[in-house]
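With CSV, C-alpha atoms inside, this is final-v3.csv:
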```csv
chain,number,residue,atom,x,y,z
A,12,MET,CA,8.4,23.9,-13.2
A,13,LYS,CA,8.5,24.4,-16.9
A,14,PRO,CA,6.0,22.3,-18.9
A,15,GLY,CA,8.8,20.9,-21.1
A,16,ASP,CA,10.8,19.9,-18.1
A,17,PHE,CA,7.9,18.0,-16.6
A,18,GLU,CA,7.4,16.1,-19.8
A,19,PHE,CA,11.1,15.3,-19.8
A,20,VAL,CA,11.2,14.0,-16.2
A,21,SER,CA,8.0,12.0,-16.7
A,22,GLN,CA,9.4,10.3,-19.8
A,23,LEU,CA,12.7,9.6,-18.0
A,24,VAL,CA,10.9,8.0,-15.1
A,25,ARG,CA,8.7,6.1,-17.4
A,26,GLU,CA,11.7,4.7,-19.3
A,27,ARG,CA,13.7,3.9,-16.2
A,28,ALA,CA,11.1,2.8,-13.8
A,29,GLY,CA,8.0,2.1,-15.8
A,30,ILE,CA,6.0,4.6,-13.7
A,31,VAL,CA,3.6,6.8,-15.5
A,32,LEU,CA,3.2,10.4,-14.3
A,33,SER,CA,0.1,12.0,-15.7
A,34,ALA,CA,0.1,15.8,-16.3
A,35,ASP,CA,-1.6,16.5,-12.9
A,36,LYS,CA,1.4,15.1,-11.1
A,37,ALA,CA,3.6,18.1,-11.8
A,38,TYR,CA,3.2,19.1,-8.1
A,39,LEU,CA,4.6,15.6,-7.2
A,40,VAL,CA,7.7,16.0,-9.4
A,41,GLU,CA,8.3,19.5,-7.9
A,42,SER,CA,7.9,18.3,-4.3
A,43,ARG,CA,10.3,15.4,-4.8
A,44,LEU,CA,12.9,17.3,-6.8
A,45,ALA,CA,13.1,20.4,-4.6
A,46,PRO,CA,15.0,18.6,-1.8
A,47,ILE,CA,17.4,17.3,-4.4
A,48,ALA,CA,18.1,20.8,-5.7
A,49,ARG,CA,18.7,21.9,-2.1
A,50,LYS,CA,21.0,19.0,-1.3
A,51,GLU,CA,23.0,19.5,-4.5
A,52,GLY,CA,23.3,23.3,-3.7
A,53,MET,CA,21.4,24.2,-6.9
A,54,ALA,CA,19.3,27.2,-7.2
A,55,SER,CA,16.1,25.5,-8.3
A,56,ILE,CA,14.8,22.3,-9.8
A,57,ASP,CA,15.4,23.8,-13.3
A,58,ASP,CA,19.1,23.2,-12.6
A,59,VAL,CA,18.4,19.6,-11.6
A,60,VAL,CA,16.6,18.9,-14.9
A,61,ALA,CA,19.2,20.8,-16.8
A,62,ALA,CA,22.0,18.6,-15.4
A,63,ILE,CA,20.2,15.6,-16.9
A,64,ARG,CA,19.0,17.2,-20.1
A,65,LEU,CA,22.2,18.9,-21.1
A,66,ARG,CA,24.9,16.8,-19.4
A,67,ARG,CA,23.2,13.4,-19.1
A,68,ASP,CA,24.6,13.3,-15.6
A,69,SER,CA,24.0,9.7,-14.7
A,70,ARG,CA,24.3,10.1,-11.0
A,71,MET,CA,21.6,12.8,-11.2
A,72,ILE,CA,19.4,10.5,-13.3
A,73,GLU,CA,19.6,7.8,-10.6
A,74,THR,CA,18.8,10.3,-7.9
A,75,VAL,CA,15.8,11.7,-9.7
A,76,VAL,CA,14.4,8.3,-10.6
A,77,ASP,CA,15.0,7.1,-7.1
A,78,ALA,CA,13.2,10.1,-5.7
A,79,MET,CA,10.2,9.5,-8.0
A,80,THR,CA,9.9,5.8,-7.2
A,81,THR,CA,10.9,5.0,-3.6
A,82,ASN,CA,7.6,6.1,-2.1
A,83,GLU,CA,5.7,3.7,-4.3
A,84,THR,CA,4.9,1.1,-1.7
A,85,PHE,CA,2.1,0.7,0.8
A,86,PHE,CA,0.4,-1.8,3.0
A,87,PHE,CA,-1.7,-4.4,1.1
A,88,ARG,CA,-0.8,-2.8,-2.2
A,89,ASP,CA,-3.5,-3.8,-4.9
A,90,LYS,CA,-5.3,-5.9,-2.2
A,91,THR,CA,-6.0,-8.9,-4.6
A,92,PRO,CA,-2.6,-10.7,-4.2
A,93,PHE,CA,-3.1,-10.7,-0.4
A,94,GLU,CA,-6.6,-12.1,-0.7
A,95,ILE,CA,-5.3,-14.8,-3.1
A,96,LEU,CA,-2.5,-15.5,-0.6
A,97,GLU,CA,-5.0,-16.0,2.2
A,98,THR,CA,-7.7,-17.9,0.5
A,99,ASN,CA,-5.8,-20.0,-2.0
A,100,VAL,CA,-2.0,-20.0,-1.8
A,101,LEU,CA,-1.4,-20.4,1.9
A,102,PRO,CA,-4.1,-23.1,2.3
A,103,GLU,CA,-2.6,-25.0,-0.6
A,104,LEU,CA,0.9,-24.7,0.8
A,105,VAL,CA,-0.3,-25.6,4.4
A,106,ALA,CA,-2.0,-28.8,3.0
A,107,ARG,CA,1.2,-29.7,1.2
A,108,LYS,CA,3.5,-29.1,4.2
A,109,ARG,CA,1.4,-30.5,7.0
A,110,GLY,CA,3.3,-28.6,9.7
A,111,GLY,CA,6.9,-27.6,9.2
A,112,THR,CA,8.0,-24.3,7.9
A,113,LEU,CA,6.8,-22.3,4.8
A,114,ARG,CA,9.3,-19.9,3.3
A,115,ILE,CA,8.2,-16.8,1.5
A,116,TRP,CA,10.6,-14.4,-0.3
A,117,CYS,CA,9.8,-10.8,-0.7
A,118,ALA,CA,12.2,-9.8,-3.5
A,119,ALA,CA,11.6,-6.1,-3.5
A,120,ALA,CA,10.7,-5.3,0.0
A,121,SER,CA,11.4,-1.6,-0.1
A,122,THR,CA,10.5,-0.1,3.3
A,123,GLY,CA,8.8,-3.2,4.6
A,124,GLN,CA,5.1,-2.7,3.9
A,125,GLU,CA,4.9,-5.8,1.7
A,126,PRO,CA,6.6,-8.3,4.0
A,127,TYR,CA,4.6,-7.0,7.0
A,128,SER,CA,1.4,-7.3,5.0
A,129,ILE,CA,2.2,-10.9,4.3
A,130,ALA,CA,3.0,-11.4,8.0
A,131,MET,CA,-0.4,-9.8,8.9
A,132,VAL,CA,-2.2,-12.2,6.4
A,133,ALA,CA,-0.4,-15.2,8.1
A,134,ASP,CA,-1.5,-13.9,11.5
A,135,ALA,CA,-5.1,-13.5,10.4
A,136,MET,CA,-5.1,-17.2,9.3
A,137,GLY,CA,-4.5,-18.3,12.8
A,138,PRO,CA,-5.6,-21.9,13.3
A,139,ARG,CA,-6.0,-22.4,9.5
A,140,LEU,CA,-2.2,-22.6,9.4
A,141,ALA,CA,-2.5,-25.9,11.3
A,142,GLY,CA,0.8,-25.2,13.2
A,143,THR,CA,2.7,-24.4,10.0
A,144,LYS,CA,5.4,-21.8,10.7
A,145,ILE,CA,5.8,-18.9,8.2
A,146,GLU,CA,9.3,-17.5,7.5
A,147,ILE,CA,9.5,-14.4,5.4
A,148,LEU,CA,12.8,-13.3,3.8
A,149,ALA,CA,12.7,-9.7,2.6
A,150,THR,CA,15.4,-8.4,0.3
A,151,ASP,CA,16.0,-5.0,-1.3
A,152,LEU,CA,18.8,-3.3,-3.1
A,153,SER,CA,18.5,-0.1,-1.0
A,154,GLU,CA,20.2,-0.2,2.4
A,155,ARG,CA,18.3,3.0,3.3
A,156,CYS,CA,15.0,1.2,2.6
A,157,LEU,CA,16.0,-1.9,4.6
A,158,GLU,CA,16.9,0.2,7.6
A,159,LYS,CA,13.5,1.7,7.7
A,160,ALA,CA,11.9,-1.7,7.1
A,161,LYS,CA,13.9,-3.3,10.0
A,162,ALA,CA,12.9,-0.4,12.3
A,163,GLY,CA,9.2,-1.0,11.4
A,164,THR,CA,8.4,2.6,12.2
A,165,TYR,CA,5.9,4.4,9.9
A,166,THR,CA,4.4,7.8,9.7
A,167,GLN,CA,0.8,8.6,10.2
A,168,PHE,CA,0.5,9.0,6.4
A,169,GLU,CA,2.0,5.6,5.7
A,170,VAL,CA,-0.2,3.7,8.1
A,171,GLN,CA,-3.3,5.2,6.4
A,172,ARG,CA,-2.5,4.0,2.9
A,173,GLY,CA,-3.9,0.5,2.3
A,174,LEU,CA,-3.9,-0.5,6.0
A,175,PRO,CA,-7.4,-1.3,7.4
A,176,VAL,CA,-7.9,0.5,10.8
A,177,GLN,CA,-8.5,-2.9,12.5
A,178,MET,CA,-5.0,-4.0,11.4
A,179,LEU,CA,-3.6,-0.7,12.7
A,180,LEU,CA,-5.1,-1.4,16.1
A,181,LYS,CA,-4.1,-5.0,16.2
A,182,HIS,CA,-0.5,-4.7,15.1
A,183,PHE,CA,0.8,-1.2,15.8
A,184,THR,CA,1.6,0.9,18.8
A,185,LYS,CA,2.0,4.7,18.7
A,186,ALA,CA,5.2,6.4,19.8
A,187,GLY,CA,5.0,10.2,19.4
A,188,ASP,CA,4.0,10.9,15.9
A,189,SER,CA,5.1,7.5,14.6
A,190,TRP,CA,3.6,4.1,14.5
A,191,ASN,CA,5.6,1.0,15.4
A,192,ILE,CA,4.8,-2.5,14.1
A,193,SER,CA,4.6,-5.2,16.8
A,194,PRO,CA,7.7,-7.2,17.8
A,195,THR,CA,5.8,-10.4,16.9
A,196,LEU,CA,5.4,-9.3,13.2
A,197,LYS,CA,8.9,-8.0,13.1
A,198,GLY,CA,10.2,-11.3,14.4
A,199,GLN,CA,8.6,-13.1,11.4
A,200,VAL,CA,10.6,-11.1,8.8
A,201,ARG,CA,14.3,-11.4,8.1
A,202,TYR,CA,16.0,-8.7,6.1
A,203,ARG,CA,18.9,-8.9,3.7
A,204,ALA,CA,20.4,-6.5,1.2
A,205,MET,CA,20.4,-8.0,-2.2
A,206,ASN,CA,20.5,-7.0,-5.9
A,207,LEU,CA,18.3,-9.1,-8.1
A,208,LEU,CA,21.2,-9.4,-10.5
A,209,ASP,CA,23.1,-11.4,-7.8
A,210,ASP,CA,23.2,-15.1,-7.3
A,211,PHE,CA,20.1,-16.3,-5.4
A,212,ARG,CA,21.4,-19.8,-4.5
A,213,ALA,CA,22.6,-18.8,-1.0
A,214,LEU,CA,19.1,-17.7,-0.1
A,215,GLY,CA,17.8,-21.3,-0.1
A,216,ARG,CA,14.5,-22.5,-1.4
A,217,PHE,CA,11.0,-20.9,-1.2
A,218,ASP,CA,7.4,-21.9,-1.3
A,219,ALA,CA,6.3,-18.6,-2.8
A,220,ILE,CA,8.0,-15.5,-4.1
A,221,PHE,CA,6.6,-11.9,-4.2
A,222,CYS,CA,8.4,-10.0,-6.9
A,223,ARG,CA,6.0,-7.1,-7.4
A,224,ASN,CA,6.6,-3.8,-9.3
A,225,VAL,CA,10.3,-4.2,-9.6
A,226,LEU,CA,10.9,-6.0,-12.9
A,227,ILE,CA,9.7,-2.8,-14.6
A,228,TYR,CA,13.1,-1.5,-13.8
A,229,PHE,CA,14.9,-4.0,-16.0
A,230,ASP,CA,15.1,-4.6,-19.7
A,231,LEU,CA,13.7,-7.8,-21.3
A,232,PRO,CA,16.8,-10.1,-21.2
A,233,THR,CA,17.5,-9.1,-17.5
A,234,LYS,CA,13.8,-9.8,-16.6
A,235,LYS,CA,14.1,-13.2,-18.1
A,236,ARG,CA,17.4,-14.0,-16.3
A,237,ILE,CA,15.8,-13.0,-13.0
A,238,LEU,CA,12.7,-15.0,-13.4
A,239,ASP,CA,14.5,-18.1,-14.7
A,240,ARG,CA,16.8,-18.0,-11.7
A,241,MET,CA,13.9,-17.5,-9.4
A,242,ALA,CA,12.3,-20.6,-10.9
A,243,MET,CA,15.3,-22.6,-9.6
A,244,GLN,CA,14.7,-21.4,-6.0
A,245,VAL,CA,11.0,-22.5,-5.6
A,246,GLU,CA,9.5,-25.7,-4.3
A,247,ASP,CA,6.6,-27.3,-6.3
A,248,PRO,CA,4.3,-25.9,-7.5
A,249,GLY,CA,6.4,-22.7,-7.3
A,250,PHE,CA,4.2,-19.8,-6.7
A,251,LEU,CA,5.2,-16.3,-7.9
A,252,PHE,CA,3.3,-13.0,-7.4
A,253,LEU,CA,4.0,-10.2,-9.8
A,254,GLY,CA,2.7,-6.6,-9.8
A,255,ALA,CA,-0.6,-5.7,-11.4
A,256,ALA,CA,1.0,-4.3,-14.6
A,257,GLU,CA,3.5,-7.1,-15.0
A,258,THR,CA,3.5,-10.5,-16.7
A,259,VAL,CA,5.7,-13.4,-17.6
A,260,LEU,CA,4.1,-13.7,-21.0
A,261,GLY,CA,6.6,-12.9,-23.7
A,262,VAL,CA,9.4,-12.9,-21.1
A,263,THR,CA,9.9,-16.5,-20.0
A,264,ASP,CA,8.2,-20.0,-19.8
A,265,ALA,CA,9.7,-20.7,-16.4
A,266,PHE,CA,6.5,-19.5,-14.8
A,267,LYS,CA,3.0,-19.6,-16.2
A,268,PRO,CA,0.0,-17.6,-15.3
A,269,VAL,CA,-2.5,-19.3,-13.0
A,270,SER,CA,-5.7,-18.9,-14.9
A,271,GLY,CA,-8.4,-16.9,-13.0
A,272,PHE,CA,-5.9,-15.5,-10.5
A,273,ARG,CA,-4.6,-12.1,-11.6
A,274,GLY,CA,-1.0,-11.5,-10.7
A,275,LEU,CA,-0.3,-15.2,-9.7
A,276,TYR,CA,2.0,-17.4,-11.5
A,277,ALA,CA,3.4,-20.9,-10.9
A,278,ARG,CA,6.3,-22.9,-12.2
A,279,ASP,CA,4.2,-26.0,-12.7
A,280,THR,CA,0.5,-25.0,-13.2
A,281,ALA,CA,-0.4,-28.7,-13.7
A,282,ARG,CA,0.4,-29.3,-10.0
A,283,ILE,CA,-1.3,-26.5,-8.3
A,284,GLY,CA,-4.3,-28.4,-7.0
A,285,ALA,CA,-8.1,-28.1,-7.1
A,286,ARG,CA,-8.1,-24.9,-5.1
A,287,PHE,CA,-7.1,-23.2,-8.3
A,288,ALA,CA,-9.7,-24.6,-10.6
A,289,ALA,CA,-10.7,-21.5,-12.5
B,14,MET,CA,-25.1,8.0,-7.3
B,15,LYS,CA,-24.0,7.3,-3.7
B,16,THR,CA,-24.6,9.9,-1.1
B,17,CYS,CA,-22.1,11.1,1.6
B,18,LEU,CA,-22.8,13.4,4.5
B,19,VAL,CA,-19.8,15.4,5.6
B,20,VAL,CA,-20.0,16.4,9.3
B,21,ASP,CA,-17.5,18.9,10.4
B,22,ASP,CA,-17.7,22.3,12.1
B,23,SER,CA,-14.9,23.7,9.9
B,24,ARG,CA,-16.3,25.2,6.7
B,25,VAL,CA,-12.8,24.8,5.1
B,26,ILE,CA,-12.6,21.0,5.9
B,27,ARG,CA,-16.2,20.5,4.6
B,28,LYS,CA,-15.2,22.2,1.3
B,29,VAL,CA,-12.0,20.2,0.9
B,30,ALA,CA,-13.9,16.9,1.7
B,31,ARG,CA,-16.7,17.8,-0.6
B,32,ARG,CA,-14.3,18.3,-3.5
B,33,ILE,CA,-12.5,14.9,-2.8
B,34,LEU,CA,-15.8,13.1,-2.5
B,35,GLU,CA,-17.4,14.6,-5.6
B,36,ASP,CA,-14.3,13.5,-7.5
B,37,LEU,CA,-15.1,10.0,-6.2
B,38,SER,CA,-18.6,10.4,-7.6
B,39,PHE,CA,-20.5,11.0,-4.4
B,40,ALA,CA,-23.5,13.4,-4.0
B,41,VAL,CA,-22.4,15.4,-0.9
B,42,ASP,CA,-24.4,16.9,1.9
B,43,GLU,CA,-23.0,18.9,4.8
B,44,ALA,CA,-23.7,19.3,8.5
B,45,GLU,CA,-22.0,21.5,11.0
B,46,ASP,CA,-22.3,19.3,14.1
B,47,GLY,CA,-23.7,16.0,15.3
B,48,ALA,CA,-27.2,17.3,16.1
B,49,GLN,CA,-27.6,18.7,12.6
B,50,ALA,CA,-26.3,15.5,11.1
B,51,LEU,CA,-28.7,13.4,13.2
B,52,ALA,CA,-31.6,15.5,12.1
B,53,GLN,CA,-30.6,15.1,8.4
B,54,CYS,CA,-30.1,11.3,8.8
B,55,ARG,CA,-33.6,11.0,10.3
B,56,THR,CA,-34.9,12.6,7.1
B,57,THR,CA,-32.7,10.8,4.6
B,58,MET,CA,-30.2,8.2,5.5
B,59,PRO,CA,-26.9,8.7,3.4
B,60,ASP,CA,-24.8,5.8,2.2
B,61,ALA,CA,-21.7,7.1,3.9
B,62,ILE,CA,-20.8,9.6,6.6
B,63,LEU,CA,-17.4,11.4,6.9
B,64,LEU,CA,-17.4,12.4,10.6
B,65,ASP,CA,-15.3,14.8,12.7
B,66,TRP,CA,-15.0,14.2,16.4
B,67,ASN,CA,-14.7,17.5,18.2
B,68,MET,CA,-17.7,19.7,17.3
B,69,PRO,CA,-20.0,22.0,19.3
B,70,VAL,CA,-23.6,21.1,20.3
B,71,MET,CA,-23.1,17.3,19.7
B,72,ASN,CA,-19.7,15.7,19.0
B,73,GLY,CA,-19.0,12.9,16.6
B,74,ILE,CA,-18.9,10.0,19.0
B,75,ASP,CA,-22.2,10.9,20.6
B,76,PHE,CA,-23.7,11.3,17.1
B,77,LEU,CA,-22.4,7.9,16.0
B,78,ARG,CA,-23.9,6.2,19.1
B,79,ALA,CA,-27.3,7.9,18.6
B,80,LEU,CA,-27.2,7.1,14.9
B,81,ARG,CA,-26.4,3.4,15.4
B,82,ALA,CA,-29.3,3.2,17.9
B,83,ASP,CA,-31.8,4.7,15.4
B,84,PRO,CA,-34.0,2.6,13.1
B,85,GLY,CA,-32.0,2.2,9.8
B,86,GLY,CA,-29.0,3.8,11.5
B,87,GLN,CA,-26.8,0.7,10.9
B,88,LYS,CA,-26.9,1.2,7.2
B,89,PRO,CA,-24.5,4.2,6.6
B,90,VAL,CA,-20.8,3.4,6.4
B,91,VAL,CA,-19.2,5.8,8.9
B,92,VAL,CA,-15.6,7.0,8.4
B,93,PHE,CA,-14.2,9.1,11.2
B,94,CYS,CA,-12.0,12.0,10.1
B,95,THR,CA,-10.4,13.7,13.0
B,96,THR,CA,-7.2,15.0,14.7
B,97,GLU,CA,-7.7,12.5,17.5
B,98,ASN,CA,-4.9,10.1,16.7
B,99,ASP,CA,-4.3,8.1,19.8
B,100,ILE,CA,-5.1,4.3,19.9
B,101,THR,CA,-7.7,4.8,22.7
B,102,SER,CA,-9.8,7.1,20.6
B,103,ILE,CA,-9.5,5.0,17.5
B,104,ALA,CA,-10.5,1.9,19.5
B,105,GLU,CA,-13.4,3.8,21.1
B,106,ALA,CA,-14.6,4.9,17.6
B,107,ILE,CA,-14.5,1.4,16.2
B,108,GLN,CA,-16.3,0.0,19.3
B,109,SER,CA,-19.0,2.6,18.9
B,110,GLY,CA,-19.7,1.5,15.3
B,111,ALA,CA,-17.3,3.4,13.0
B,112,ASN,CA,-16.2,1.4,10.0
B,113,GLU,CA,-13.0,3.2,9.2
B,114,TYR,CA,-10.9,6.0,10.7
B,115,ILE,CA,-8.9,8.8,9.1
B,116,MET,CA,-6.4,10.8,11.1
B,117,LYS,CA,-6.1,14.4,10.0
B,118,PRO,CA,-4.3,15.8,8.1
B,119,PHE,CA,-5.8,13.9,5.2
B,120,ASP,CA,-5.6,14.0,1.4
B,121,SER,CA,-7.6,12.5,-1.5
B,122,GLU,CA,-5.4,9.4,-1.6
B,123,ILE,CA,-6.2,8.6,2.1
B,124,VAL,CA,-9.9,9.2,1.6
B,125,GLN,CA,-9.9,7.0,-1.5
B,126,SER,CA,-7.9,4.3,0.2
B,127,LYS,CA,-10.2,4.2,3.3
B,128,PHE,CA,-13.4,4.4,1.3
B,129,ALA,CA,-12.2,1.5,-0.9
B,130,GLU,CA,-11.4,-0.4,2.3
B,131,VAL,CA,-15.0,-0.3,3.3
B,132,GLY,CA,-16.4,-1.0,-0.2
B,133,LEU,CA,-17.5,2.5,-1.0
B,134,CYS,CA,-15.5,3.0,-4.2
```
Represent the structure contained in this file as structure tokens.
Amino acid sequence: MKPGDFEFVSQLVRERAGIVLSADKAYLVESRLAPIARKEGMASIDDVVAAIRLRRDSRMIETVVDAMTTNETFFFRDKTPFEILETNVLPELVARKRGGTLRIWCAAASTGQEPYSIAMVADAMGPRLAGTKIEILATDLSERCLEKAKAGTYTQFEVQRGLPVQMLLKHFTKAGDSWNISPTLKGQVRYRAMNLLDDFRALGRFDAIFCRNVLIYFDLPTKKRILDRMAMQVEDPGFLFLGAAETVLGVTDAFKPVSGFRGLYARDTARIGARFAA
Amino acid sequence: MKTCLVVDDSRVIRKVARRILEDLSFAVDEAEDGAQALAQCRTTMPDAILLDWNMPVMNGIDFLRALRADPGGQKPVVVFCTTENDITSIAEAIQSGANEYIMKPFDSEIVQSKFAEVGLC
């Protein structure tokens, strides 16, 4: 691929999706764009880039950005949020609930790795849940992603990114070249197609929201509207997990950072309890 | 600098693994089979071992069991790296003292992810 074209695509993806492609990722751009060229009946990826550069073909822009972003999910991504979930957030919520049902919303579930990671954390807590039931609602804009998430079938490559081998042994079975997540974990996650610009009220209320690495797709006023409406859907103290490169600072006051816990926010930080004393 | 012993009978795999591990700031040593690896460990115990399963002379699982029985043999973090990708083999490796498990084919992202999993980088 021509050097100028790579810079063009990487800037496009950065603007639209917030994803930074360093110069050594030219191979990645080529490998993701080649299938698009074939599908569109174009001679090469040069034509794909030209369709955007010269004609600002908006459908092609979406296709290319989608191709460069959709694989960006894996089990236990960034690790820390799942450790905080296990050692702080779930124990706090369990103490508040004393039995009953906890509801967690995964607002950008993609192909399911995040909701299933949450389900694995809940499973690992075992008796520490004190009988509390955990219900996970996973939503995503892409029907294609949700289909894959619902199927719970992953490639050998996917189950080796972020997933400890003990978790693989415990929660997956092998079928041919694929790995299937256990029916127990699958049964804990409900899927629903949803755009974050839509009304959330029909979803009900949640004890924690995971909204990681998706706000980067939106401009500032839209980010604010999404977070403000999420704040209406959470029960006290209103936990929210954002991606490692995201923040509420300068966006909204509806959620505040929980000091000492990177990536964790709460609607009411005054009420989060001693477990979070930094 | 942490040390990693790459045990594989394929020269190509050793070379690829060496490059990935050197990028992760490891000092890399190589062995062609389990027996060579065991002899090297008895001289100098590495911090990590990237271990193939099927090799002539002594295979990976026999090496691992012998290593874990040796004085100081509990110390190295052992990551299998093999084409054996059925659940029975993975479970056998973990029961025999492996810390993590990579199914070939692998790339630098998988090696990095698995090494991070066991606290090596």
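Near chain B, counting only C-alpha atoms at 7 Å, the chain A residues are Gln171, Arg172, Gly173, Pro175, Val176 and Leu180 of chain A.
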Emit the selected residues as a PDB file, keeping the file's coordinate frame, including C-alpha atoms.
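Wrote it out as part_19.pdb, contents follow:
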```pdb
ATOM      1  CA  GLN A 171      -3.300   5.200   6.400  1.00  0.00           C
ATOM      2  CA  ARG A 172      -2.500   4.000   2.900  1.00  0.00           C
ATOM      3  CA  GLY A 173      -3.900   0.500   2.300  1.00  0.00           C
ATOM      4  CA  PRO A 175      -7.400  -1.300   7.400  1.00  0.00           C
ATOM      5  CA  VAL A 176      -7.900   0.500  10.800  1.00  0.00           C
ATOM      6  CA  LEU A 180      -5.100  -1.400  16.100  1.00  0.00           C
TER       7      LEU A 180
END
```
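CA of Thr184 in chain A to CA of Trp66 in chain B spans 21.4 Å [interatomic distance, one decimal].
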Discussion item. Need to verify the contact set: Ser270 in chain A, 9 Å, only C-alpha atoms, exclusion of same-chain residues closer than 4 positions in sequence. Can you return it as a PyMOL selection string?
Written reply: chain A and resi 275-276+280+287-289
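Take the candidates A:Lys234, A:Gln167, A:Met205, A:Met12 and check each one against Gly187 in chain A using all atoms listed in the file; the shortest distance goes to A:Gln167.
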Worksheet entry | Polymer residues at most 9 Å from range 212-223 of chain A, all atoms listed in the file, same-chain spacing of 5 or more positions, as number ranges by chain | A: 100, 104, 113-120, 125-126, 148, 240-241, 243-255, 257, 274, 277
Response to the item:
From the list B:Ala61, B:Ala44, B:Leu34, B:Val20, the nearest residue to Ile74 in chain B using only C-alpha atoms is B:Val20
Worksheet item: Residues around (-20.8, 20.5, 20.9), cut-off 12 Å, counting only C-alpha atoms - what are they as a PyMOL selection string?
Response: chain B and resi 21-22+45-49+65-76
Worksheet entry | Atomic separation - CA of Val91 in chain B relative to CA of Phe128 in chain B, Å |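 Computing it gives 9.7 Å between the two atoms.
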Practice prompt. Quote the spacing between CA of Glu169 in chain A and CA of Val132 in chain A in Å to one decimal place.
Written response: 18.3 Å
Fill in: Closest of A:Leu207, A:Ile192, A:Ala106, A:Ala54 to Ala285 in chain A - atom-to-atom distances counting all atoms listed in the file
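Using all atoms listed in the file, the shortest distance to Ala285 in chain A belongs to A:Ala106.
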Fill in: Shell around Phe229 in chain A at 12 Å using all atoms listed in the file, local window under 2 positions removed, as a PyMOL selection string
chain A and resi 25-29+206-208+224-227+231-238+257+262
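When all atoms listed in the file are used to compute distances to Ala149 in chain A, the closest of the residues A:Gln124, A:Thr91, A:Ser55, A:Thr164 turns out to be A:Gln124.
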